[in-house]
Amino acid sequence: MSAHSTTIEVSSKRGVWGGGNEPLKASYGKLMMWFFLLSDIFTFAAFLITYLAIRVSYPAYGGAAETFTGSNEYWPVPELVFEALPFLHGVHAPLIFVGIMTFVLIASSVTMVLAVEAGHRNDRGDVVKWMLWTLLGGITFLSCQAWEWSHFIHGTEAGSLLTYVNGLGQNVTETVFGANLMVNEYGPGSFAQLFFFITGFHGFHVTIGVFLLFLCFYQAAVGIYDKRGHYEMVEKIGLYWHFVDLVWVFVFTLFYLI
Amino acid sequence: MEVQDTKSTLQVTPRNEEKIKKIWKTAGILLVITLSEFVMAFTMERGILLYAVFIILTVWKAKYIMMEFMHLGDEAKPLFYAIIVPLIFLIWLVITLIKEASDIFVMRW
């Protein structure tokens, strides 16, 4: 055992950061996932702070909520833009649908932690069960977002009468329906641009997340992690999935509440 | 790839009910905060006060997700600070860009 004690002596002389030990007490994979997420936090923060800045540089709609009409002169009131429900045409349900989406994503984050907890206990049955619920939540969220986008693009029946500069550089006044990257019936052009870009980038992350969740579910179910001897992959994919939820919490506040 | 061997060789430990209870409690807190944001969006008057409340509640939710769900609080201190400290720069970015945006607002309208 003398060789063993020598190694310890050497590493203690080097100090915590001298090498030969793990000062962060985390595996390589988990550490890299955390630093990837840190860089992704900065990416999303840049997008969301840009939204905030452009939002502040436009006047807010000042009139009564009931008489709101879309215009590119002021920023729209979110609860009057996002107020539709699937299958219930014409029903005024402000923020209900997006509230359901938020609930679904938070719930899938909860089932993910339960899967991670089961992974710590090497309990394959529980991991598979909770991964399946998480996967279901992720797919439900994506489907809701697809509907939300489709409704946003097609717009309302009335549309809005806007004056804007079109793609040919002409000043036109016409009734606009729905939204595209050039013009939208709800507010200034940048409102729809930011909506598409930021919720789109988030949706892209969710899509990758669903793919990873499926991979993890499959590998757990066929016993690959049992063979490997640990369920750390559940933990790493869990970190990514919680991050997606974390970003949505901010997207929800900025786009739908403020 | 062999998948016939479905018997686990790993020791399965029983559920830690206390841990699971804490997870559901955190979920409940997140739900309550979101619901109160929802109620406030319809009952309070729009303005700086409401927006400040929303942002504080959002950061509070983010704290729960990072500390309880992502277990950042349980990581080694150097890792914890390596993730948290860089985020301080975002506060600067928010203040700078909002200041800039309100100047643009004044010039535009």
# chains A, B, ... in the order shown; residues from 1 in each chain; ligands from 1
$ interface_residues --of "chain A" --to "chain B" --cutoff "7 Å" --atoms "only C-alpha atoms" --output "short mmCIF file (atom, residue, chain, number, x, y, z; two decimals) with C-alpha atoms, in the first residue's frame"
data_model
loop_
_atom_site.label_atom_id
_atom_site.label_comp_id
_atom_site.auth_asym_id
_atom_site.auth_seq_id
_atom_site.Cartn_x
_atom_site.Cartn_y
_atom_site.Cartn_z
CA LEU A 24 -15.23 20.25 -9.48
CA LYS A 25 -16.34 16.75 -8.41
CA LEU A 38 -23.89 28.51 -19.86
CA ILE A 49 -32.69 41.32 -24.00
CA ALA A 53 -34.85 46.72 -25.82
CA ILE A 54 -36.93 46.87 -29.02
CA VAL A 56 -39.02 49.58 -24.82
CA SER A 57 -38.15 51.64 -27.91
CA TYR A 58 -41.80 51.48 -29.10
CA VAL A 110 -40.93 17.60 -13.04
CA VAL A 113 -36.30 15.20 -12.26
CA ARG A 121 -31.28 4.50 -7.62
CA ASN A 122 -30.54 2.39 -10.77
CA ASP A 123 -34.27 1.70 -10.97
CA VAL A 222 -33.16 -1.94 -23.50
CA GLY A 223 -30.79 -1.99 -20.54
CA ASP A 226 -27.58 -1.18 -16.67
CA GLY A 229 -23.18 0.46 -14.74
CA LEU A 239 -29.90 19.13 -17.43
CA HIS A 242 -34.53 21.68 -17.57
CA LEU A 246 -35.81 27.59 -17.89
CA VAL A 249 -40.06 30.69 -18.27
CA PHE A 250 -38.34 33.83 -19.58
CA THR A 253 -42.79 36.45 -19.20
CA LEU A 257 -47.00 38.88 -19.88
CA ILE A 258 -45.10 42.12 -20.46
#
$ select_by_dssp --residues "region 128-251 of chain A" --states "strand (DSSP E or B)" --output "list in words"
Ser160, Leu161, Leu162, Thr163, Tyr164, Val165, Asn171, Val172, Thr173, Glu174, Thr175, Val176, Ala179 and Asn184 of chain A
$ atom_distance --atom1 "CA of Pro86 (chain A)" --atom2 "CA of Ser190 (chain A)"
25.9 Å
$ select_by_dssp --residues "region 101-253 of chain A" --states "helix (DSSP H, G or I)" --output "VMD selection string"
chain A and resid 101 to 120 124 to 154 189 to 221 224 to 228 232 to 253
$ residues_around --residues "region 66-83 of chain A" --least-positions-apart "6" --cutoff "10 Å" --atoms "only C-alpha atoms" --output "PyMOL selection string"
(chain A and resi 54-60+90-98+148+151-152+155-156+158-164+176+183-191+254-258) or (chain B and resi 41-42+46)
$ atom_distance --atom1 "CA of Leu37 (chain A)" --atom2 "CA of Val244 (chain A)"
9.7 Å
$ closest_residue --among "A:Arg14, A:Ser27, A:Trp241, A:Val247" --to "Ala107 (chain A)" --atoms "only C-alpha atoms"
A:Trp241
$ atom_distance --atom1 "CA of His205 (chain A)" --atom2 "CA of Met182 (chain A)"
24.8 Å
